[in-house]
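*Asks:* If you scroll down you'll find the structure; I have some questions about it.
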Amino acid sequence: MLKARVIPCLDVKDGRVVKGIRFQGLRDAGDPVEQAARYVDEGADELVILDVSATPEGRGHAVTTVEAVREVIDIPLTVGGGVRRVEDAEALLSAGADKVAVNSAAVAEPALLTRLADKFGKQCTILALDAARKDQPTADPAWEVVVRSGKVRTGRDAVIWAKEAEARGAGEILLTSWDRDGTGEGYDVALLQAIRAAVSVPMIASGGAAHAEHLAEGLQAGADAVLAATIFHDGHLSVKGVKAELAQRGLPMRL
Amino acid sequence: MTQEVIVIRTGSANLASIQAGLRRAGAAPVLTESPSAVEQADHVMLPGVGTLGQTKQILDQTGLTSVIQTRVREGRPLCAVCVGLHLLFEGSEESPQVPGLHVVPGFIRRFPEEVRVPQFGWNRVEAPPGVMYLESGEYYFANSYRLVEAPPGYMSALGEHGGHFVAAFERAGLLACQFHPELSGAVGTRVLRRWLTLSEAKVC
C-alpha cells in the first residue's frame, strides 16, 4: 500500500537555508546541500525547497541550489517560490526539480496552473496554498488565501480556491496554515479536514508541527504527506526517529 | 568503465533527475532526439513525464517511433520509465485518440476512483523469483494511469493501489518501470545499475 510521506522543507534565501516565524524574522540555518543530504540519509521521503528570496539575484541562486541539491539526493524534489511563468518552472525542472509549486502567481492568474499541467503534466504541478483563519465570530471556522509570504490577505475562500486549483490542473496541494507556521502549536487540523473534504488530489500538511504526535494528527486528518522545517533543522528530531514513531502509531511508513 | 546511455529528450520535465540517477548508477547520460544516435546506442532510456499524447507526438515528429519499436522487438537494451512504459502498449485512457507503440500487448487505464489519484509516493513492489534487474522493495511512484494485467511472456513485479497493478516488467534488454528508479533511493539505483551491467550480455 501507498506509504505516508515525511517531507523536510528547506526555506532558502539567496542560497542559504533560513528560518523564521510566520515567514518573518528570518535567520540563517545552514547550507541547503548539506542539509538535503542529511535528510536523505535519515530516510526523508521527498524534499521541498521554498525559495523566499525577494530579488532576481536571489532567484538566480535558487537554480544553482537546485542543481547542487539534485546531485546529492536520490528522492523527489519539489521547488517553489517566485514561480510566475511557465519559463520559471521550466528552469527549475531543468535544474533538477521533479515538481514545481506555485502560490501567489496562481492566485493572481489561475490559468497558470492549466498551462503548467498541459506542458509538464499534473504530477509536476503543485499548488502551494497558504491559508489564514478568517476573523469572523461564527461557529464554523473559515479560511482565506494569503499571498506574498502572508503580507496580503486576499479575502478568497481557501476551500473554494483549492477546488478551483484542482479543476485547473493542480496534481497536489501543499497546504500551509499561516496562523500556525513556525509556532510549534501543531497543524490546523480543521483546515486540513476542510480541504480534504473538498479535493481528491494528494494533500501535504504544513505549518506548526513540533513533534511526531502533530505529524500523526496531520495524517489522521487526511493528509497524504506531512511537511516540517523547524523540527528537523534544529536537530532535536531526526526524520528517521519521527518515521519510526509514526509507524508505531500504526501509520504506513517507509522505514 | 563509464557507460554511455542515450536519454531520449521526451520534453522538458525532470530530465535532470533522470540524468543524475544514471550518473549515480555509473553511466554517462547523453540527451538526444536523433534516431541514428538511438539506433546505434548500446543503452537507451525512454523517460516519460507529462502526457502520453505529448510524448508520442515527439517520437513521431523526430522519427523515433519505428526505431524504438525495432529496438524492443529485438530485445536490445531499453529502459522505459512511467509514461515511457505506457507508450509501449496499444494505448492509454489518458490520450485515447493516440495509438501507442504497441510492442507489448495491453492497454493502460486510470486508477479506480476509490484510491488517491495521482498515486504520489512510495509503494511496496513484489518482484518474482528469477528476475534479472528488478528486486522487491519500496519505490517512488507519480502516476494516475497504470497497467493491470501482467503482459504475457515478461517477468512482472506488482504493486497494490486500488487492486494490483504492474509496477515494472522485464525481458531480455527491456526494463519497463512504472515507478521512477531515479527517485527511488538506493533500491532504484541498484535496479538501474543491474540493467546497465547485465543487459549488454543479452544482445547477440
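Identifiers for the C-alpha cells are assigned positionally: chains receive A, B, ... in sequence, residues are indexed from 1 per chain, and ligands are indexed from 1 in the order shown.
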Go through range 163-201 of chain B and flag each residue having an atom no more than 12 Å from range 100-111 of chain B; for those, report the closest pair of atoms plus their distance in Å to one decimal, using only C-alpha atoms, ordered by chain and rising number, as JSON lines.

*Replies:*
{"residue": "B:Gly163", "atom": "CA", "partner": "B:Phe111", "partner_atom": "CA", "distance": 9.0}
{"residue": "B:His164", "atom": "CA", "partner": "B:Phe111", "partner_atom": "CA", "distance": 10.3}
{"residue": "B:Phe165", "atom": "CA", "partner": "B:Phe111", "partner_atom": "CA", "distance": 9.1}
{"residue": "B:Val166", "atom": "CA", "partner": "B:Ile108", "partner_atom": "CA", "distance": 10.3}
{"residue": "B:Phe169", "atom": "CA", "partner": "B:Val104", "partner_atom": "CA", "distance": 10.8}
{"residue": "B:Glu170", "atom": "CA", "partner": "B:Val104", "partner_atom": "CA", "distance": 11.3}
{"residue": "B:Arg171", "atom": "CA", "partner": "B:Val104", "partner_atom": "CA", "distance": 11.1}
{"residue": "B:Leu174", "atom": "CA", "partner": "B:Val104", "partner_atom": "CA", "distance": 10.9}
{"residue": "B:Ala176", "atom": "CA", "partner": "B:Val104", "partner_atom": "CA", "distance": 10.7}
{"residue": "B:Gln178", "atom": "CA", "partner": "B:Ile108", "partner_atom": "CA", "distance": 11.2}

*Asks:* Restricting the output to all heavy atoms, write the selected residues as a tab-separated table (two decimals), in the first residue's frame.

*Replies:*
chain	number	residue	atom	x	y	z
B	163	GLY	N	-6.26	-2.28	-5.92
B	163	GLY	CA	-6.03	-3.56	-6.59
B	163	GLY	C	-4.61	-3.63	-7.14
B	163	GLY	O	-3.86	-2.66	-7.05
B	164	HIS	N	-4.26	-4.80	-7.69
B	164	HIS	CA	-2.91	-4.98	-8.24
B	164	HIS	C	-2.68	-4.07	-9.44
B	164	HIS	O	-3.60	-3.79	-10.21
B	164	HIS	CB	-2.74	-6.41	-8.75
B	164	HIS	CG	-2.52	-7.40	-7.65
B	164	HIS	ND1	-1.56	-7.24	-6.69
B	164	HIS	CD2	-3.15	-8.56	-7.35
B	164	HIS	CE1	-1.60	-8.26	-5.85
B	164	HIS	NE2	-2.57	-9.07	-6.22
B	165	PHE	N	-1.46	-3.64	-9.62
B	165	PHE	CA	-1.05	-3.02	-10.88
B	165	PHE	C	0.38	-3.46	-11.17
B	165	PHE	O	1.09	-3.94	-10.29
B	165	PHE	CB	-1.17	-1.49	-10.84
B	165	PHE	CG	-0.18	-0.82	-9.93
B	165	PHE	CD1	1.01	-0.30	-10.44
B	165	PHE	CD2	-0.42	-0.68	-8.58
B	165	PHE	CE1	1.94	0.33	-9.61
B	165	PHE	CE2	0.50	-0.07	-7.74
B	165	PHE	CZ	1.68	0.44	-8.25
B	166	VAL	N	0.78	-3.31	-12.43
B	166	VAL	CA	2.13	-3.72	-12.83
B	166	VAL	C	3.09	-2.57	-12.52
B	166	VAL	O	3.00	-1.49	-13.09
B	166	VAL	CB	2.17	-4.08	-14.33
B	166	VAL	CG1	3.60	-4.42	-14.76
B	166	VAL	CG2	1.23	-5.26	-14.61
B	169	PHE	N	8.26	-4.43	-15.44
B	169	PHE	CA	8.44	-5.74	-16.06
B	169	PHE	C	9.71	-5.75	-16.89
B	169	PHE	O	10.25	-4.68	-17.21
B	169	PHE	CB	7.20	-6.15	-16.89
B	169	PHE	CG	6.87	-5.25	-18.04
B	169	PHE	CD1	7.41	-5.45	-19.30
B	169	PHE	CD2	5.99	-4.17	-17.86
B	169	PHE	CE1	7.07	-4.61	-20.37
B	169	PHE	CE2	5.65	-3.33	-18.91
B	169	PHE	CZ	6.20	-3.56	-20.17
B	170	GLU	N	10.20	-6.94	-17.17
B	170	GLU	CA	11.48	-7.06	-17.88
B	170	GLU	C	11.50	-8.30	-18.76
B	170	GLU	O	10.80	-9.27	-18.51
B	170	GLU	CB	12.64	-7.11	-16.87
B	170	GLU	CG	12.53	-8.27	-15.87
B	170	GLU	CD	13.81	-8.47	-15.05
B	170	GLU	OE1	14.06	-7.66	-14.16
B	170	GLU	OE2	14.54	-9.44	-15.34
B	171	ARG	N	12.26	-8.23	-19.82
B	171	ARG	CA	12.58	-9.38	-20.67
B	171	ARG	C	13.75	-8.98	-21.56
B	171	ARG	O	13.73	-7.90	-22.14
B	171	ARG	CB	11.39	-9.80	-21.53
B	171	ARG	CG	11.69	-11.06	-22.37
B	171	ARG	CD	10.48	-11.60	-23.07
B	171	ARG	NE	10.20	-10.88	-24.31
B	171	ARG	CZ	9.08	-11.06	-25.03
B	171	ARG	NH1	8.13	-11.87	-24.61
B	171	ARG	NH2	8.91	-10.38	-26.15
B	174	LEU	N	14.95	-5.33	-22.24
B	174	LEU	CA	13.91	-4.35	-21.88
B	174	LEU	C	13.64	-4.34	-20.37
B	174	LEU	O	13.37	-5.38	-19.77
B	174	LEU	CB	12.60	-4.68	-22.62
B	174	LEU	CG	11.41	-3.77	-22.27
B	174	LEU	CD1	11.65	-2.34	-22.74
B	174	LEU	CD2	10.11	-4.31	-22.84
B	176	ALA	N	11.01	-2.06	-18.07
B	176	ALA	CA	9.98	-1.02	-18.07
B	176	ALA	C	9.50	-0.81	-16.65
B	176	ALA	O	9.11	-1.76	-15.97
B	176	ALA	CB	8.81	-1.44	-18.97
B	178	GLN	N	7.06	1.44	-14.00
B	178	GLN	CA	6.04	2.43	-13.69
B	178	GLN	C	6.55	3.39	-12.62
B	178	GLN	O	6.25	4.58	-12.62
B	178	GLN	CB	4.75	1.74	-13.22
B	178	GLN	CG	3.62	2.70	-12.89
B	178	GLN	CD	3.18	3.49	-14.10
B	178	GLN	OE1	2.58	2.97	-15.01
B	178	GLN	NE2	3.50	4.77	-14.11

*Asks:* Return the neighbours of chain B among the residues of chain A, cut-off 6 Å, counting only C-alpha atoms, as an NGL selection string.

*Replies:* :A and (1-3 or 74-76 or 93-94 or 96 or 98 or 120-121 or 201)

*Asks:* Those same residues - N, CA and C atoms - I'd like them written as a CSV table (one decimal), in the first residue's frame.

*Replies:*
chain,number,residue,atom,x,y,z
A,1,MET,N,0.8,-1.2,0.0
A,1,MET,CA,0.0,0.0,0.0
A,1,MET,C,0.9,1.2,0.0
A,2,LEU,N,0.3,2.3,-0.5
A,2,LEU,CA,1.0,3.6,-0.6
A,2,LEU,C,1.3,4.1,0.9
A,3,LYS,N,2.6,4.5,1.0
A,3,LYS,CA,3.0,5.0,2.3
A,3,LYS,C,2.7,6.5,2.6
A,74,ASP,N,18.6,11.3,-4.0
A,74,ASP,CA,18.0,10.3,-5.0
A,74,ASP,C,16.5,10.1,-4.7
A,75,ILE,N,15.9,11.1,-4.2
A,75,ILE,CA,14.5,11.1,-3.9
A,75,ILE,C,13.8,12.4,-4.6
A,76,PRO,N,12.5,12.4,-4.7
A,76,PRO,CA,11.9,13.6,-5.4
A,76,PRO,C,12.1,14.9,-4.7
A,93,LEU,N,12.8,22.8,-13.3
A,93,LEU,CA,12.8,21.4,-13.7
A,93,LEU,C,14.0,21.0,-14.4
A,94,SER,N,14.5,21.9,-15.2
A,94,SER,CA,15.8,21.6,-15.9
A,94,SER,C,17.0,21.5,-14.9
A,96,GLY,N,16.7,20.3,-11.9
A,96,GLY,CA,16.7,19.1,-11.1
A,96,GLY,C,15.5,19.0,-10.2
A,98,ASP,N,11.6,17.9,-9.5
A,98,ASP,CA,10.6,17.0,-10.2
A,98,ASP,C,9.2,17.5,-10.2
A,120,PHE,N,3.8,20.2,-18.5
A,120,PHE,CA,4.7,19.3,-17.7
A,120,PHE,C,3.9,18.1,-17.1
A,121,GLY,N,2.6,18.2,-17.1
A,121,GLY,CA,1.8,17.1,-16.5
A,121,GLY,C,1.3,17.6,-15.1
A,201,VAL,N,-7.2,15.2,-4.9
A,201,VAL,CA,-5.7,15.0,-5.2
A,201,VAL,C,-5.0,15.0,-3.8

*Asks:* Which residue is closest to Glu90 in chain B? Choose from B:Pro151, B:Gln61, B:Ala168, B:Val44 and count only C-alpha atoms.

*Replies:* B:Pro151

*Asks:* Which one is closest to Glu57 in chain A: A:Asp14, A:Gly241, A:Leu113, A:Ile204? Count only C-alpha atoms.

*Replies:*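 Looking only at the distances to Glu57 in chain A, the closest residue turns out to be A:Asp14.
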
*Asks:* Find the residues around range 218-229 of chain A up to 7 Å (only C-alpha atoms counted), leave out those fewer than 5 positions away in its own chain, and share them as a list of chain:residue names.

*Replies:*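 The contact residues come out as A:Ala4, A:Arg5, A:Val6, A:Ile7, A:Pro8, A:Cys9, A:Leu10, A:Tyr187, A:Val189, A:Leu192, A:Gln193, A:Arg196, A:Pro202, A:Met203, A:Ile204, A:Ala205, A:Ser206, A:Ala209.
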
*Asks:* Using only C-alpha atoms, please write the residues we just selected to a file, as a PDB file, in the first residue's frame.

*Replies:*
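Contents of selection-v1.pdb, freshly written:
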ATOM      1  CA  ALA A   4       2.527   8.266   4.158  1.00  0.00           C
ATOM      2  CA  ARG A   5       5.354  10.679   3.353  1.00  0.00           C
ATOM      3  CA  VAL A   6       7.508  12.776   5.687  1.00  0.00           C
ATOM      4  CA  ILE A   7       8.879  15.794   3.830  1.00  0.00           C
ATOM      5  CA  PRO A   8      11.507  18.103   5.308  1.00  0.00           C
ATOM      6  CA  CYS A   9      11.305  21.618   3.898  1.00  0.00           C
ATOM      7  CA  LEU A  10      14.220  23.935   3.282  1.00  0.00           C
ATOM      8  CA  TYR A 187      -1.218  21.706  12.262  1.00  0.00           C
ATOM      9  CA  VAL A 189      -6.455  20.116  11.786  1.00  0.00           C
ATOM     10  CA  LEU A 192      -6.771  20.014   6.730  1.00  0.00           C
ATOM     11  CA  GLN A 193     -10.153  18.328   7.134  1.00  0.00           C
ATOM     12  CA  ARG A 196      -9.500  17.090   2.317  1.00  0.00           C
ATOM     13  CA  PRO A 202      -2.990  14.367  -2.615  1.00  0.00           C
ATOM     14  CA  MET A 203      -2.527  16.922   0.148  1.00  0.00           C
ATOM     15  CA  ILE A 204       0.629  17.835   2.088  1.00  0.00           C
ATOM     16  CA  ALA A 205       0.068  19.264   5.582  1.00  0.00           C
ATOM     17  CA  SER A 206       2.320  22.163   6.566  1.00  0.00           C
ATOM     18  CA  ALA A 209       4.289  20.763  13.639  1.00  0.00           C
TER      19      ALA A 209
END

*Asks:* What is the distance between CA of Ser136 in chain B and CA of Ala157 in chain B, in Å to one decimal?

*Replies:* 7.8 Å

*Asks:* Rank A:Asp140, A:Asp234, A:Glu245, A:Glu109 by their smallest atom-to-atom distance to Asp28 in chain A, using only C-alpha atoms, and report the top residue only.

*Replies:*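 Closest residue, counting only C-alpha atoms: A:Asp234.
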
*Asks:* Among range 37-166 of chain B, which residues does DSSP mark as alpha helix (DSSP H) when it is run on the backbone? Keep the chain and numbering as in the structure and answer as a PyMOL selection string.

*Replies:* chain B and resi 37-40+52-62+65-74+83-87

*Asks:* Grab the residues selected above and save them as a PDB file, in the first residue's frame with C-alpha atoms.

*Replies:*
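again.pdb was written with the following content:
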ATOM      1  CA  ALA B  37      22.017   8.007 -32.154  1.00  0.00           C
ATOM      2  CA  VAL B  38      19.195   5.950 -30.641  1.00  0.00           C
ATOM      3  CA  GLU B  39      19.613   3.220 -33.238  1.00  0.00           C
ATOM      4  CA  GLN B  40      23.345   2.872 -32.627  1.00  0.00           C
ATOM      5  CA  LEU B  52       1.264  10.023 -23.340  1.00  0.00           C
ATOM      6  CA  GLY B  53      -0.114  12.098 -26.217  1.00  0.00           C
ATOM      7  CA  GLN B  54       2.640  14.727 -25.982  1.00  0.00           C
ATOM      8  CA  THR B  55       5.419  12.191 -25.622  1.00  0.00           C
ATOM      9  CA  LYS B  56       4.175  10.132 -28.595  1.00  0.00           C
ATOM     10  CA  GLN B  57       3.955  13.290 -30.686  1.00  0.00           C
ATOM     11  CA  ILE B  58       7.641  13.972 -30.003  1.00  0.00           C
ATOM     12  CA  LEU B  59       8.575  10.416 -31.025  1.00  0.00           C
ATOM     13  CA  ASP B  60       6.521  10.697 -34.243  1.00  0.00           C
ATOM     14  CA  GLN B  61       7.957  14.106 -35.160  1.00  0.00           C
ATOM     15  CA  THR B  62      11.555  13.057 -34.592  1.00  0.00           C
ATOM     16  CA  THR B  65       8.757   5.716 -33.217  1.00  0.00           C
ATOM     17  CA  SER B  66       9.957   2.926 -35.523  1.00  0.00           C
ATOM     18  CA  VAL B  67      13.488   2.990 -34.073  1.00  0.00           C
ATOM     19  CA  ILE B  68      12.128   2.254 -30.593  1.00  0.00           C
ATOM     20  CA  GLN B  69       9.683  -0.350 -31.872  1.00  0.00           C
ATOM     21  CA  THR B  70      12.533  -2.223 -33.596  1.00  0.00           C
ATOM     22  CA  ARG B  71      14.758  -1.991 -30.514  1.00  0.00           C
ATOM     23  CA  VAL B  72      12.075  -3.519 -28.284  1.00  0.00           C
ATOM     24  CA  ARG B  73      11.283  -6.302 -30.772  1.00  0.00           C
ATOM     25  CA  GLU B  74      14.979  -7.188 -30.983  1.00  0.00           C
ATOM     26  CA  VAL B  83       4.774   7.307 -19.328  1.00  0.00           C
ATOM     27  CA  GLY B  84       7.652   5.631 -21.196  1.00  0.00           C
ATOM     28  CA  LEU B  85       6.207   2.304 -20.009  1.00  0.00           C
ATOM     29  CA  HIS B  86       2.695   3.358 -21.066  1.00  0.00           C
ATOM     30  CA  LEU B  87       3.993   4.128 -24.566  1.00  0.00           C
TER      31      LEU B  87
END

*Asks:* Quick check for you: according to DSSP on this backbone, which residues of chain B are classed as strand (DSSP E or B)? Reply as an MDAnalysis selection string.

*Replies:* chainID B and resid 3:8 27:32 43:46 78:81 92 108:110 119:126 137:143 145:146 155:160 164:171 174:177

*Asks:* Tell me, in Å to one decimal, how far CA of Leu192 in chain B is from CA of Ala25 in chain B.

*Replies:* 6.1 Å
